[in-house]
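Below is coords-v9.txt, holding compact mmCIF, N, CA and C atoms.
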```
# COMPACT_ATOMS: atom_id res chain seq x y z
N MET A 1 -30.75 -104.70 -207.96
CA MET A 1 -32.09 -105.11 -207.58
C MET A 1 -33.00 -103.89 -207.54
N GLU A 2 -34.16 -104.04 -208.07
CA GLU A 2 -35.18 -102.99 -208.07
C GLU A 2 -35.95 -103.07 -206.75
N HIS A 3 -35.91 -102.01 -205.97
CA HIS A 3 -36.60 -102.01 -204.68
C HIS A 3 -38.01 -101.45 -204.82
N SER A 4 -38.92 -101.98 -204.03
CA SER A 4 -40.31 -101.55 -204.08
C SER A 4 -40.45 -100.15 -203.48
N PRO A 5 -41.46 -99.41 -203.92
CA PRO A 5 -41.67 -98.06 -203.39
C PRO A 5 -41.88 -98.04 -201.88
N GLY A 6 -42.60 -99.00 -201.34
CA GLY A 6 -42.84 -99.04 -199.90
C GLY A 6 -41.56 -99.24 -199.11
N PHE A 7 -40.70 -100.12 -199.61
CA PHE A 7 -39.41 -100.37 -198.95
C PHE A 7 -38.55 -99.11 -198.98
N LEU A 8 -38.46 -98.48 -200.15
CA LEU A 8 -37.67 -97.25 -200.28
C LEU A 8 -38.21 -96.15 -199.38
N LYS A 9 -39.52 -96.10 -199.21
CA LYS A 9 -40.15 -95.09 -198.35
C LYS A 9 -39.68 -95.25 -196.91
N ILE A 10 -39.70 -96.49 -196.38
CA ILE A 10 -39.30 -96.64 -194.99
C ILE A 10 -37.79 -96.44 -194.80
N VAL A 11 -37.00 -96.83 -195.80
CA VAL A 11 -35.56 -96.57 -195.73
C VAL A 11 -35.31 -95.06 -195.71
N ASN A 12 -35.96 -94.35 -196.61
CA ASN A 12 -35.76 -92.89 -196.69
C ASN A 12 -36.28 -92.16 -195.45
N GLU A 13 -37.29 -92.71 -194.80
CA GLU A 13 -37.78 -92.12 -193.55
C GLU A 13 -36.78 -92.34 -192.41
N ALA A 14 -36.09 -93.48 -192.41
CA ALA A 14 -35.13 -93.80 -191.36
C ALA A 14 -33.78 -93.12 -191.58
N ARG A 15 -33.41 -92.90 -192.84
CA ARG A 15 -32.06 -92.41 -193.20
C ARG A 15 -31.64 -91.15 -192.44
N PRO A 16 -32.48 -90.13 -192.25
CA PRO A 16 -32.03 -88.92 -191.53
C PRO A 16 -31.60 -89.19 -190.09
N TYR A 17 -32.03 -90.30 -189.52
CA TYR A 17 -31.74 -90.61 -188.12
C TYR A 17 -30.54 -91.54 -187.96
N VAL A 18 -29.95 -91.94 -189.08
CA VAL A 18 -28.86 -92.91 -189.07
C VAL A 18 -27.60 -92.28 -189.62
N ARG A 19 -26.49 -92.56 -188.99
CA ARG A 19 -25.20 -92.08 -189.49
C ARG A 19 -24.67 -93.10 -190.50
N GLU A 20 -24.51 -92.64 -191.73
CA GLU A 20 -23.97 -93.50 -192.78
C GLU A 20 -22.51 -93.14 -193.01
N ILE A 21 -21.69 -94.18 -193.20
CA ILE A 21 -20.27 -93.96 -193.48
C ILE A 21 -19.88 -94.74 -194.72
N ASP A 22 -18.80 -94.31 -195.37
CA ASP A 22 -18.32 -95.03 -196.54
C ASP A 22 -17.28 -96.07 -196.12
N VAL A 23 -16.81 -96.82 -197.09
CA VAL A 23 -15.87 -97.91 -196.83
C VAL A 23 -14.58 -97.40 -196.18
N GLU A 24 -14.07 -96.28 -196.66
CA GLU A 24 -12.82 -95.76 -196.10
C GLU A 24 -12.99 -95.34 -194.64
N GLU A 25 -14.12 -94.74 -194.32
CA GLU A 25 -14.39 -94.37 -192.93
C GLU A 25 -14.56 -95.63 -192.08
N ALA A 26 -15.21 -96.64 -192.61
CA ALA A 26 -15.35 -97.91 -191.89
C ALA A 26 -13.97 -98.51 -191.61
N ARG A 27 -13.11 -98.49 -192.60
CA ARG A 27 -11.75 -99.02 -192.44
C ARG A 27 -11.00 -98.25 -191.33
N ARG A 28 -11.11 -96.93 -191.35
CA ARG A 28 -10.45 -96.12 -190.32
C ARG A 28 -10.99 -96.44 -188.92
N ARG A 29 -12.29 -96.54 -188.82
CA ARG A 29 -12.90 -96.83 -187.52
C ARG A 29 -12.49 -98.20 -186.99
N LEU A 30 -12.47 -99.19 -187.86
CA LEU A 30 -12.08 -100.54 -187.45
C LEU A 30 -10.60 -100.61 -187.09
N ASP A 31 -9.77 -99.87 -187.80
CA ASP A 31 -8.34 -99.82 -187.49
C ASP A 31 -8.08 -99.12 -186.16
N ARG A 32 -8.82 -98.06 -185.92
CA ARG A 32 -8.63 -97.23 -184.73
C ARG A 32 -9.19 -97.91 -183.47
N ASN A 33 -10.23 -98.69 -183.62
CA ASN A 33 -10.89 -99.31 -182.47
C ASN A 33 -10.96 -100.82 -182.67
N PRO A 34 -10.04 -101.56 -182.06
CA PRO A 34 -10.03 -103.01 -182.25
C PRO A 34 -11.28 -103.71 -181.71
N ARG A 35 -12.06 -103.02 -180.90
CA ARG A 35 -13.29 -103.61 -180.36
C ARG A 35 -14.52 -103.27 -181.22
N ALA A 36 -14.34 -102.45 -182.24
CA ALA A 36 -15.45 -102.11 -183.13
C ALA A 36 -15.94 -103.38 -183.83
N ILE A 37 -17.21 -103.40 -184.11
CA ILE A 37 -17.84 -104.58 -184.71
C ILE A 37 -18.34 -104.24 -186.11
N LEU A 38 -17.93 -105.04 -187.07
CA LEU A 38 -18.48 -104.98 -188.42
C LEU A 38 -19.55 -106.05 -188.47
N MET A 39 -20.81 -105.64 -188.62
CA MET A 39 -21.93 -106.56 -188.50
C MET A 39 -22.65 -106.71 -189.84
N ASP A 40 -22.67 -107.93 -190.33
CA ASP A 40 -23.36 -108.28 -191.57
C ASP A 40 -24.81 -108.60 -191.21
N VAL A 41 -25.74 -107.81 -191.73
CA VAL A 41 -27.16 -108.00 -191.39
C VAL A 41 -27.94 -108.65 -192.54
N ARG A 42 -27.22 -109.21 -193.50
CA ARG A 42 -27.89 -109.87 -194.63
C ARG A 42 -28.48 -111.21 -194.22
N GLU A 43 -29.24 -111.78 -195.11
CA GLU A 43 -29.83 -113.10 -194.87
C GLU A 43 -28.75 -114.18 -194.81
N ASP A 44 -29.07 -115.29 -194.17
CA ASP A 44 -28.13 -116.39 -194.04
C ASP A 44 -27.57 -116.84 -195.39
N SER A 45 -28.44 -116.92 -196.40
CA SER A 45 -28.00 -117.37 -197.73
C SER A 45 -26.99 -116.41 -198.35
N GLU A 46 -27.13 -115.12 -198.08
CA GLU A 46 -26.18 -114.13 -198.59
C GLU A 46 -24.84 -114.27 -197.86
N TRP A 47 -24.89 -114.43 -196.55
CA TRP A 47 -23.70 -114.61 -195.72
C TRP A 47 -22.91 -115.84 -196.20
N GLU A 48 -23.63 -116.91 -196.49
CA GLU A 48 -23.00 -118.16 -196.92
C GLU A 48 -22.23 -118.01 -198.23
N LYS A 49 -22.64 -117.09 -199.06
CA LYS A 49 -21.96 -116.88 -200.35
C LYS A 49 -20.66 -116.12 -200.19
N GLY A 50 -20.50 -115.40 -199.09
CA GLY A 50 -19.29 -114.63 -198.84
C GLY A 50 -19.61 -113.41 -197.99
N HIS A 51 -18.62 -113.01 -197.20
CA HIS A 51 -18.81 -111.88 -196.28
C HIS A 51 -17.46 -111.28 -195.93
N ALA A 52 -17.48 -110.09 -195.36
CA ALA A 52 -16.24 -109.45 -194.92
C ALA A 52 -15.56 -110.37 -193.90
N ALA A 53 -14.27 -110.52 -194.05
CA ALA A 53 -13.51 -111.50 -193.26
C ALA A 53 -13.71 -111.33 -191.75
N GLN A 54 -13.76 -110.11 -191.24
CA GLN A 54 -13.87 -109.91 -189.79
C GLN A 54 -15.30 -109.68 -189.31
N ALA A 55 -16.28 -109.87 -190.18
CA ALA A 55 -17.66 -109.56 -189.83
C ALA A 55 -18.28 -110.58 -188.87
N MET A 56 -19.20 -110.06 -188.08
CA MET A 56 -20.10 -110.86 -187.26
C MET A 56 -21.41 -110.92 -188.03
N HIS A 57 -22.08 -112.06 -188.02
CA HIS A 57 -23.35 -112.17 -188.73
C HIS A 57 -24.52 -112.12 -187.76
N LEU A 58 -25.42 -111.21 -188.02
CA LEU A 58 -26.67 -111.13 -187.28
C LEU A 58 -27.71 -110.62 -188.26
N GLY A 59 -28.41 -111.54 -188.89
CA GLY A 59 -29.36 -111.20 -189.93
C GLY A 59 -30.46 -110.26 -189.46
N LYS A 60 -30.93 -109.44 -190.38
CA LYS A 60 -31.96 -108.45 -190.09
C LYS A 60 -33.19 -109.09 -189.45
N GLY A 61 -33.51 -110.31 -189.85
CA GLY A 61 -34.69 -110.98 -189.32
C GLY A 61 -34.64 -111.34 -187.86
N VAL A 62 -33.44 -111.43 -187.29
CA VAL A 62 -33.30 -111.81 -185.87
C VAL A 62 -32.55 -110.76 -185.05
N LEU A 63 -32.23 -109.64 -185.66
CA LEU A 63 -31.42 -108.63 -184.99
C LEU A 63 -32.03 -108.18 -183.67
N GLU A 64 -33.28 -107.80 -183.68
CA GLU A 64 -33.93 -107.30 -182.46
C GLU A 64 -33.93 -108.37 -181.36
N ARG A 65 -34.08 -109.61 -181.76
CA ARG A 65 -34.14 -110.70 -180.79
C ARG A 65 -32.78 -110.99 -180.17
N ASP A 66 -31.71 -110.89 -180.96
CA ASP A 66 -30.42 -111.40 -180.53
C ASP A 66 -29.33 -110.38 -180.24
N ILE A 67 -29.49 -109.13 -180.65
CA ILE A 67 -28.39 -108.18 -180.51
C ILE A 67 -27.99 -107.94 -179.06
N GLU A 68 -28.95 -107.89 -178.16
CA GLU A 68 -28.61 -107.61 -176.76
C GLU A 68 -27.77 -108.72 -176.14
N ARG A 69 -27.98 -109.95 -176.57
CA ARG A 69 -27.20 -111.08 -176.09
C ARG A 69 -25.80 -111.07 -176.70
N LEU A 70 -25.72 -110.79 -178.00
CA LEU A 70 -24.43 -110.83 -178.70
C LEU A 70 -23.58 -109.59 -178.47
N VAL A 71 -24.24 -108.45 -178.32
CA VAL A 71 -23.53 -107.18 -178.09
C VAL A 71 -24.21 -106.47 -176.92
N PRO A 72 -23.89 -106.87 -175.70
CA PRO A 72 -24.57 -106.27 -174.55
C PRO A 72 -24.18 -104.82 -174.28
N ASP A 73 -23.03 -104.39 -174.75
CA ASP A 73 -22.55 -103.03 -174.51
C ASP A 73 -23.25 -102.05 -175.44
N ARG A 74 -24.11 -101.21 -174.89
CA ARG A 74 -24.87 -100.24 -175.69
C ARG A 74 -23.97 -99.14 -176.27
N ASP A 75 -22.72 -99.04 -175.80
CA ASP A 75 -21.78 -98.06 -176.33
C ASP A 75 -20.83 -98.66 -177.37
N ALA A 76 -20.99 -99.93 -177.67
CA ALA A 76 -20.12 -100.58 -178.65
C ALA A 76 -20.23 -99.88 -180.00
N GLU A 77 -19.11 -99.74 -180.67
CA GLU A 77 -19.11 -99.17 -182.02
C GLU A 77 -19.48 -100.29 -182.99
N ILE A 78 -20.60 -100.11 -183.69
CA ILE A 78 -21.12 -101.14 -184.60
C ILE A 78 -21.31 -100.53 -185.98
N ILE A 79 -20.70 -101.15 -186.97
CA ILE A 79 -20.88 -100.73 -188.37
C ILE A 79 -21.65 -101.85 -189.06
N MET A 80 -22.88 -101.56 -189.45
CA MET A 80 -23.74 -102.56 -190.06
C MET A 80 -23.68 -102.44 -191.58
N TYR A 81 -23.68 -103.60 -192.23
CA TYR A 81 -23.77 -103.59 -193.69
C TYR A 81 -24.72 -104.68 -194.17
N CYS A 82 -25.33 -104.40 -195.30
CA CYS A 82 -26.20 -105.36 -195.98
C CYS A 82 -25.68 -105.50 -197.40
N GLY A 83 -26.54 -105.81 -198.34
CA GLY A 83 -26.10 -105.98 -199.71
C GLY A 83 -25.75 -104.67 -200.40
N GLY A 84 -26.59 -103.65 -200.21
CA GLY A 84 -26.38 -102.40 -200.92
C GLY A 84 -26.52 -101.15 -200.08
N GLY A 85 -26.75 -101.29 -198.78
CA GLY A 85 -26.83 -100.12 -197.91
C GLY A 85 -28.23 -99.66 -197.58
N TYR A 86 -29.22 -100.48 -197.85
CA TYR A 86 -30.60 -100.10 -197.55
C TYR A 86 -31.08 -100.76 -196.25
N ARG A 87 -30.98 -102.08 -196.18
CA ARG A 87 -31.42 -102.79 -194.97
C ARG A 87 -30.59 -102.37 -193.76
N SER A 88 -29.32 -102.04 -193.97
CA SER A 88 -28.48 -101.63 -192.84
C SER A 88 -28.94 -100.29 -192.26
N VAL A 89 -29.54 -99.45 -193.06
CA VAL A 89 -30.13 -98.21 -192.53
C VAL A 89 -31.25 -98.58 -191.55
N LEU A 90 -32.07 -99.55 -191.95
CA LEU A 90 -33.18 -99.96 -191.08
C LEU A 90 -32.69 -100.63 -189.80
N THR A 91 -31.67 -101.49 -189.92
CA THR A 91 -31.18 -102.17 -188.71
C THR A 91 -30.45 -101.19 -187.79
N ALA A 92 -29.73 -100.24 -188.36
CA ALA A 92 -29.06 -99.24 -187.53
C ALA A 92 -30.09 -98.39 -186.78
N GLU A 93 -31.16 -98.04 -187.46
CA GLU A 93 -32.21 -97.25 -186.83
C GLU A 93 -32.87 -98.03 -185.69
N VAL A 94 -33.12 -99.30 -185.91
CA VAL A 94 -33.72 -100.15 -184.87
C VAL A 94 -32.77 -100.29 -183.68
N ALA A 95 -31.51 -100.53 -183.96
CA ALA A 95 -30.53 -100.67 -182.87
C ALA A 95 -30.47 -99.39 -182.03
N GLN A 96 -30.54 -98.25 -182.68
CA GLN A 96 -30.56 -96.98 -181.96
C GLN A 96 -31.80 -96.89 -181.08
N ARG A 97 -32.94 -97.30 -181.60
CA ARG A 97 -34.17 -97.27 -180.80
C ARG A 97 -34.07 -98.21 -179.61
N MET A 98 -33.24 -99.25 -179.73
CA MET A 98 -33.03 -100.21 -178.64
C MET A 98 -31.99 -99.71 -177.64
N GLY A 99 -31.41 -98.53 -177.89
CA GLY A 99 -30.49 -97.95 -176.94
C GLY A 99 -29.03 -97.98 -177.34
N TYR A 100 -28.70 -98.50 -178.51
CA TYR A 100 -27.31 -98.50 -178.98
C TYR A 100 -26.98 -97.10 -179.47
N ARG A 101 -25.85 -96.57 -178.99
CA ARG A 101 -25.54 -95.16 -179.22
C ARG A 101 -24.44 -94.91 -180.24
N ASN A 102 -23.79 -95.95 -180.73
CA ASN A 102 -22.62 -95.77 -181.59
C ASN A 102 -22.73 -96.68 -182.82
N VAL A 103 -23.84 -96.52 -183.53
CA VAL A 103 -24.16 -97.41 -184.65
C VAL A 103 -24.08 -96.64 -185.96
N TYR A 104 -23.55 -97.32 -186.98
CA TYR A 104 -23.40 -96.73 -188.32
C TYR A 104 -23.91 -97.71 -189.36
N SER A 105 -24.34 -97.18 -190.49
CA SER A 105 -24.72 -97.98 -191.64
C SER A 105 -23.66 -97.75 -192.72
N LEU A 106 -23.20 -98.83 -193.32
CA LEU A 106 -22.19 -98.73 -194.37
C LEU A 106 -22.87 -98.43 -195.70
N ALA A 107 -22.65 -97.25 -196.23
CA ALA A 107 -23.22 -96.87 -197.53
C ALA A 107 -22.67 -97.80 -198.61
N GLY A 108 -23.55 -98.33 -199.42
CA GLY A 108 -23.13 -99.22 -200.50
C GLY A 108 -23.03 -100.67 -200.10
N GLY A 109 -23.00 -100.95 -198.81
CA GLY A 109 -23.03 -102.31 -198.29
C GLY A 109 -21.94 -103.24 -198.81
N TYR A 110 -22.29 -104.51 -198.91
CA TYR A 110 -21.36 -105.55 -199.34
C TYR A 110 -20.79 -105.25 -200.73
N LYS A 111 -21.62 -104.71 -201.59
CA LYS A 111 -21.15 -104.36 -202.94
C LYS A 111 -19.99 -103.37 -202.86
N ALA A 112 -20.08 -102.39 -201.97
CA ALA A 112 -19.01 -101.40 -201.81
C ALA A 112 -17.76 -102.05 -201.22
N LEU A 113 -17.94 -102.99 -200.30
CA LEU A 113 -16.79 -103.69 -199.73
C LEU A 113 -16.04 -104.47 -200.81
N VAL A 114 -16.79 -105.19 -201.63
CA VAL A 114 -16.17 -105.97 -202.71
C VAL A 114 -15.45 -105.05 -203.68
N GLN A 115 -16.10 -103.98 -204.06
CA GLN A 115 -15.51 -103.01 -205.00
C GLN A 115 -14.22 -102.40 -204.44
N ALA A 116 -14.14 -102.25 -203.12
CA ALA A 116 -12.96 -101.66 -202.48
C ALA A 116 -11.89 -102.71 -202.16
N ASN A 117 -12.09 -103.92 -202.65
CA ASN A 117 -11.15 -105.02 -202.39
C ASN A 117 -10.96 -105.32 -200.91
N TRP A 118 -12.05 -105.22 -200.16
CA TRP A 118 -12.05 -105.55 -198.75
C TRP A 118 -11.79 -107.05 -198.64
N PRO A 119 -11.09 -107.53 -197.63
CA PRO A 119 -10.89 -108.98 -197.48
C PRO A 119 -12.24 -109.69 -197.29
N ILE A 120 -12.51 -110.60 -198.19
CA ILE A 120 -13.78 -111.34 -198.19
C ILE A 120 -13.50 -112.80 -197.89
N LYS A 121 -14.35 -113.36 -197.04
CA LYS A 121 -14.23 -114.76 -196.66
C LYS A 121 -15.39 -115.52 -197.30
N PRO A 122 -15.10 -116.57 -198.04
CA PRO A 122 -16.19 -117.35 -198.64
C PRO A 122 -16.86 -118.24 -197.61
N GLY A 123 -18.13 -118.55 -197.87
CA GLY A 123 -18.84 -119.50 -197.02
C GLY A 123 -19.19 -118.98 -195.65
N GLY A 124 -19.73 -119.88 -194.83
CA GLY A 124 -20.22 -119.53 -193.50
C GLY A 124 -19.12 -119.38 -192.47
N GLY A 125 -19.54 -119.29 -191.24
CA GLY A 125 -18.61 -119.13 -190.12
C GLY A 125 -18.49 -117.68 -189.71
N ASN A 126 -18.37 -117.45 -188.42
CA ASN A 126 -18.23 -116.09 -187.89
C ASN A 126 -16.79 -115.73 -187.74
```

Same coordinates, now as structure tokens:
Amino acid sequence: MEHSPGFLKIVNEARPYVREIDVEEARRRLDRNPRAILMDVREDSEWEKGHAAQAMHLGKGVLERDIERLVPDRDAEIIMYCGGGYRSVLTAEVAQRMGYRNVYSLAGGYKALVQANWPIKPGGGN
């Protein structure tokens, strides 16, 4: 997908403030911490097509509204992913501004998970 210049500008402005990790680091973190959360921040329609098997879904459009209810622990380890690693930079930055201290963005997003043969679950459901 070709991203607009304005979108890329805000992603690039947020990126220095966000910790990005690759798929292997995400796998290590999830293995090491059974309470870590893999959070899919894509749109509902993207989630419905398939998602990481252990992921929680909280779309970018409602993240600010719902994250405190779904993840009340501000120290929770959260690894956010989107389709390609751009929107998750923005959601990770917002979560940090909301007081979450252990948030990561998955570089490459869902595409990287699929490429790494991550367990994928078709359809909806958390």

Worksheet item: Using only N, CA and C atoms, which residues sit within 7 Å of region 66-80 of chain A once same-chain residues fewer than 5 positions away are excluded, as number ranges by chain?
Response: A: 35-41, 88-89, 92, 99-106, 109

Worksheet entry | Within 12 Å of region 82-86 of chain A using only C-alpha atoms, minus same-chain residues under 3 positions, as an MDAnalysis selection string | chainID A and resid 1:4 7:15 18:23 38:47 49:52 55:60 79 89:93 104:115

Practice prompt. Can you list, as number ranges by chain, all residues belonging to chain A that DSSP tags as strand (DSSP E)?
Written response: A: 19-21, 37-40, 51-52, 56-57, 78-81, 103-106, 120-121

Item to complete: Among the residues of region 63-101 of chain A, find those DSSP assigns to helix (DSSP H, G or I) from the backbone and print them as a PyMOL selection string.
Response: chain A and resi 63-70+87-97

Discussion item. Would you compute the distance between atom C of Val62 (chain A) and atom N of Glu48 (chain A)? Give it in Å to one decimal.
Written reply: 15.8 Å

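The gap separating CA of Glu24 (chain A) from CA of Val94 (chain A) is 24.1 Å, in Å to one decimal.
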